Amino acid sequence: MKVYLDYQAAKPVDTRVVDAMVPYFNDKFANPASLHKPGDNATEILQDSRKIIADFINAPQPSSIVFTSGATESNNLALIGAALKNERKGNHIIISEIEHISIRNISKYLERNGFKVSRIPVDQYGMVKLEKLKHLITDETILISISTASNEVGTLQPIKEISDIALDHQILFHTDALASESVIPIDVQKTPIDLITLSSNDIYGPKGVGALYLKKGVRVNPIIIGGGQEKGMRSGSENISGIVGFSKAAEIMKNEMEDEAQYLERLRDRLIKGVLESIPNSYLNGHPTKRLPNNAHFRFDYIEGESLILSLKDQNIAAATGSACSSKTLEPSHTLIAMGLLHEEAHGSLLFSLGRYTKENEIEKTLEVLPDIVKRLRLLSPLTSQELLNYYKEIEKTNYGG
Amino acid sequence: MKSTQYSEKVLDHFRNPRNVGTIENADGYGKVGNPVCGDIMEMFLQIGKNEHGEDIIEDIKFRTFGCGSAVATSSMTTEMAKGLTLDEAYKISRNDVADELEGLPPIKMHCSNLAADALKAAIDNYREGANPEVEAVSSCKITDIEDIKGLEDFLGKGVYEEVQDLNEFKEKRVLIIDRGDKSLELALKLTKYTGRVVVLTSAKNTPGSEEIKQQLKRSDVKILYESELFEVQGTNEIEKVKIHDHDHDHDEDEEYELYVDAVII
């Protein structure tokens, strides 16, 4: 039996989405810029798709959606585009200490190009400190960018409060909604966010397509220049098949999100309870309640995450870790460090992210094998405390003696 | 190449590591690595004699905290070293170990391939006749408060000299400097108010009186041993501290940052 609990890294495309996309590869292949009939049809489907994505976040004007090649491009357009557009007003941008690597690296790029970037610290659960945000705002601040939720530890950010603060100070507010897109609805009429990054794959659509929402009246400079598609905001012939898939995924998601999120929350709670009960010295990272319904992020004392992943792999279980050993840079997760964890604690982290096709028996299988995997690695580790070794010995005795 | 793209041989040694464990009263003991970079290895040697009267490695055991390649290189090193004379074993290099394992991902060549170094450290330990049961005791001392950079600036802004109301620490990440039982009792009490209480001590083992020691071991208090606080940073309020960790390879000290909301001195 195969277990896939890494939906945060990649999601399968819903077969209903694939079916909707198929005609747009060969039968309906035309370019919406063409003046002939097939071109008109392409224009029409592009407009329909734009309306569906706008509806997905309850945006009144379809024109507020700009299609892009995915979340990374949307983040680039939002941050670099807004920075360049507002250069004369100020040069200060605020992000959080735990942003996704794309936001962090775009910010570094802006820093190298004369902008100042402040990073709001987070509390032990990975939630941004609103008080700090107020302190960091200056007359020069032009943009605040905070993700709706941590893609790693799953903590939900106080987006409404941040958007109110931004509005009060007349500062643009951008949020990368990627981590929460499939489980928490966004309503821009209730929460007046200026810029929102959306990704297709994160709602079970194809990879390579995404969108940036721009509130009416919000302007950014384009970063991809060419034929002036997307009202000049994003040049390049439209990826019609991808956009059709994205909008189909959004339509399904809007209908099914509520039930799906409840279902995932139940499985997640079963996983969290099971792990914490069956494994000594195990902890839940992130907020105990204000967290993504599909995220369970743990850490285990005395062991290292890559070893965990390899051991789980041998059992056909796919998960992720914030351990340095599994990253390209060999640096531990910046999110866990910003939450106040020590390096060796960050090394022992394990992320399970659930999704549409997660079955109860995948959770049960994981709960069945994880305690022994953790125990084996602890018996190998020089860091394991004598108390814990004694505990394991006791358990063994009871099992054999019982 | 992905950092986890391992050869079958590496995976085999990771799945079924050879010579895991410790040797009581070992003749030689070596330890390398540190938890900050994510790998720690310990080697235990039992020395015997061959027919020529030379010292040989009669038995060897290891324990490792680290990624797949850290476990595999430790296991392979013990397998290669067993039965060799000390001179032969001393010549085993990191590259030899990697070659025996049919290669390692380039990024893992350095950090997770320290087992040969641990073996050398254990042999040195035996040859120099140092007591194998004792690791080098660090010479760290309790820092004078005046020596902590930035501390005074944050008094009342996250740095506490004394504590009146424990409610102030609700849900906060608190770092407490070990100043004897009183500070440790406070740490224990605070666990009822917040899930994150860290005690920083210069001691090598769990500090405090016997009773407090036991309580600490049962509690969620995180203890940083052989450590020293040397800087406090933040804007307006405290955000993070810088810590010196003396618990490392004899002469190499480690510095790292820890994010906190409050420091009690």
# chains A, B, ... in the order shown; residues from 1 in each chain; ligands from 1
>>> interface_residues(of="chain A", to="chain B", cutoff="9 Å", atoms="only C-alpha atoms", output="PyMOL selection string")
chain A and resi 121-124+132+135-136+281+302-308+310-311+314+323-332+337-345+347+377-383+387
>>> residues_around(residues="Pro207 in chain B", least_positions_apart="5", cutoff="9 Å", atoms="only C-alpha atoms", output="VMD selection string")
chain B and resid 178 180 to 181 184 201 212 to 213 216
>>> select_by_dssp(residues="range 180-245 of chain B", states="alpha helix (DSSP H)", output="MDAnalysis selection string")
chainID B and resid 181:190 210:218
>>> atom_distance(atom1="CA of Phe298 in chain A", atom2="CA of Leu188 in chain B")
23.4 Å
>>> closest_residue(among="B:Gln46, B:Asn19, B:Gln233, B:Thr73", to="Ile148 in chain B", atoms="only C-alpha atoms")
B:Gln233
>>> select_by_dssp(residues="range 12-49 of chain B", states="strand (DSSP E)", output="CSV table (one decimal) with all heavy atoms, in the first residue's frame")
chain,number,residue,atom,x,y,z
B,28,GLY,N,39.2,3.1,23.7
B,28,GLY,CA,39.3,4.4,23.0
B,28,GLY,C,37.9,4.9,22.7
B,28,GLY,O,37.0,4.1,22.4
B,29,TYR,N,37.7,6.2,22.8
B,29,TYR,CA,36.4,6.8,22.5
B,29,TYR,C,36.6,8.1,21.7
B,29,TYR,O,37.5,8.9,22.1
B,29,TYR,CB,35.7,7.1,23.8
B,29,TYR,CG,34.5,7.9,23.7
B,29,TYR,CD1,33.3,7.4,23.1
B,29,TYR,CD2,34.4,9.3,24.1
B,29,TYR,CE1,32.2,8.1,22.9
B,29,TYR,CE2,33.3,10.0,24.0
B,29,TYR,CZ,32.2,9.5,23.4
B,29,TYR,OH,31.0,10.2,23.2
B,30,GLY,N,35.8,8.3,20.7
B,30,GLY,CA,35.9,9.5,19.9
B,30,GLY,C,34.5,10.0,19.5
B,30,GLY,O,33.6,9.2,19.3
B,31,LYS,N,34.4,11.3,19.5
B,31,LYS,CA,33.1,11.9,19.2
B,31,LYS,C,33.3,13.1,18.3
B,31,LYS,O,34.2,14.0,18.6
B,31,LYS,CB,32.4,12.4,20.4
B,31,LYS,CG,31.0,13.0,20.2
B,31,LYS,CD,30.4,13.3,21.6
B,31,LYS,CE,29.2,14.1,21.5
B,31,LYS,NZ,28.7,14.6,22.7
B,32,VAL,N,32.6,13.2,17.2
B,32,VAL,CA,32.8,14.4,16.3
B,32,VAL,C,31.4,14.9,15.9
B,32,VAL,O,30.4,14.2,16.0
B,32,VAL,CB,33.6,14.1,15.0
B,32,VAL,CG1,35.0,13.7,15.3
B,32,VAL,CG2,32.9,13.0,14.2
B,33,GLY,N,31.4,16.1,15.3
B,33,GLY,CA,30.1,16.7,14.8
B,33,GLY,C,29.5,17.5,15.9
B,33,GLY,O,29.9,17.6,17.0
B,34,ASN,N,28.4,18.1,15.5
B,34,ASN,CA,27.6,18.9,16.5
B,34,ASN,C,26.1,19.0,16.0
B,34,ASN,O,25.9,18.9,14.8
B,34,ASN,CB,28.2,20.2,16.8
B,34,ASN,CG,28.0,21.2,15.6
B,34,ASN,OD1,26.9,21.5,15.3
B,34,ASN,ND2,29.1,21.6,15.1
B,39,ASP,N,24.8,16.5,12.5
B,39,ASP,CA,25.4,15.1,12.6
B,39,ASP,C,26.3,15.0,13.8
B,39,ASP,O,27.1,15.8,14.0
B,39,ASP,CB,26.2,14.9,11.3
B,39,ASP,CG,25.3,14.8,10.1
B,39,ASP,OD1,24.5,13.9,10.1
B,39,ASP,OD2,25.5,15.6,9.2
B,40,ILE,N,26.1,13.9,14.6
B,40,ILE,CA,27.0,13.6,15.7
B,40,ILE,C,27.3,12.1,15.6
B,40,ILE,O,26.4,11.3,15.4
B,40,ILE,CB,26.4,13.9,17.0
B,40,ILE,CG1,25.9,15.4,17.1
B,40,ILE,CG2,27.3,13.6,18.2
B,40,ILE,CD1,25.2,15.7,18.4
B,41,MET,N,28.6,11.8,15.7
B,41,MET,CA,29.0,10.4,15.7
B,41,MET,C,29.9,10.1,16.9
B,41,MET,O,30.8,10.9,17.2
B,41,MET,CB,29.8,10.1,14.5
B,41,MET,CG,28.9,10.2,13.2
B,41,MET,SD,29.9,10.3,11.8
B,41,MET,CE,28.7,10.9,10.6
B,42,GLU,N,29.7,8.9,17.5
B,42,GLU,CA,30.5,8.4,18.6
B,42,GLU,C,31.1,7.1,18.2
B,42,GLU,O,30.4,6.3,17.6
B,42,GLU,CB,29.6,8.2,19.8
B,42,GLU,CG,29.2,9.3,20.6
B,42,GLU,CD,28.4,8.8,21.8
B,42,GLU,OE1,27.6,7.9,21.6
B,42,GLU,OE2,28.6,9.4,22.9
B,43,MET,N,32.4,6.9,18.5
B,43,MET,CA,33.0,5.6,18.2
B,43,MET,C,33.6,5.0,19.5
B,43,MET,O,34.2,5.8,20.2
B,43,MET,CB,34.1,5.7,17.2
B,43,MET,CG,33.7,6.1,15.8
B,43,MET,SD,33.4,4.6,14.8
B,43,MET,CE,32.7,5.3,13.4
B,44,PHE,N,33.4,3.7,19.7
B,44,PHE,CA,33.9,3.1,20.9
B,44,PHE,C,34.9,1.9,20.4
B,44,PHE,O,34.5,1.2,19.6
B,44,PHE,CB,32.8,2.4,21.7
B,44,PHE,CG,31.8,3.4,22.2
B,44,PHE,CD1,30.8,3.9,21.4
B,44,PHE,CD2,31.9,3.9,23.5
B,44,PHE,CE1,29.8,4.8,21.9
B,44,PHE,CE2,30.9,4.8,24.0
B,44,PHE,CZ,29.9,5.2,23.2
B,45,LEU,N,36.1,1.9,21.0
B,45,LEU,CA,37.0,0.9,20.5
B,45,LEU,C,37.4,-0.1,21.7
B,45,LEU,O,37.6,0.4,22.8
B,45,LEU,CB,38.3,1.5,20.1
B,45,LEU,CG,38.3,2.5,18.9
B,45,LEU,CD1,39.7,3.0,18.6
B,45,LEU,CD2,37.7,1.9,17.7
B,46,GLN,N,37.6,-1.3,21.3
B,46,GLN,CA,38.2,-2.3,22.3
B,46,GLN,C,39.4,-2.8,21.6
B,46,GLN,O,39.4,-3.3,20.5
B,46,GLN,CB,37.2,-3.4,22.6
B,46,GLN,CG,37.7,-4.3,23.7
B,46,GLN,CD,36.7,-5.5,23.8
B,46,GLN,OE1,35.5,-5.3,23.9
B,46,GLN,NE2,37.2,-6.7,23.8
B,47,ILE,N,40.6,-2.6,22.2
B,47,ILE,CA,41.9,-2.9,21.6
B,47,ILE,C,42.4,-4.2,22.1
B,47,ILE,O,42.3,-4.6,23.3
B,47,ILE,CB,42.9,-1.8,22.0
B,47,ILE,CG1,42.3,-0.4,21.7
B,47,ILE,CG2,44.2,-2.0,21.2
B,47,ILE,CD1,42.1,-0.1,20.2
B,48,GLY,N,42.9,-5.0,21.1
B,48,GLY,CA,43.6,-6.3,21.5
B,48,GLY,C,44.9,-6.4,20.8
B,48,GLY,O,45.5,-5.3,20.3
B,49,LYS,N,45.5,-7.5,20.8
B,49,LYS,CA,46.9,-7.7,20.1
B,49,LYS,C,46.8,-8.8,19.0
B,49,LYS,O,46.0,-9.8,19.2
B,49,LYS,CB,47.9,-8.2,21.2
B,49,LYS,CG,48.1,-7.2,22.3
B,49,LYS,CD,49.2,-6.3,22.0
B,49,LYS,CE,49.6,-5.4,23.2
B,49,LYS,NZ,50.0,-4.0,22.9
>>> residues_around(residues="Pro222 in chain A", least_positions_apart="5", cutoff="7 Å", atoms="only C-alpha atoms", output="list in words")
Leu77, Gly81, Met233 and Arg234 of chain A
>>> write_last_selection(atoms="C-alpha atoms", output="PDB file, in the first residue's frame")
ATOM      1  CA  LEU A  77       4.718  40.459 -10.122  1.00  0.00           C
ATOM      2  CA  GLY A  81       5.742  45.200  -9.605  1.00  0.00           C
ATOM      3  CA  MET A 233       0.244  43.120 -17.018  1.00  0.00           C
ATOM      4  CA  ARG A 234       1.652  39.831 -18.256  1.00  0.00           C
TER       5      ARG A 234
END
>>> closest_residue(among="A:Ala211, A:Ile395, A:Ile80, A:Ala179", to="Ile53 in chain A", atoms="only C-alpha atoms")
A:Ala211
>>> closest_residue(among="A:Gly245, A:Pro62, A:Pro280, A:Gly348", to="Leu389 in chain A", atoms="only C-alpha atoms")
A:Pro280
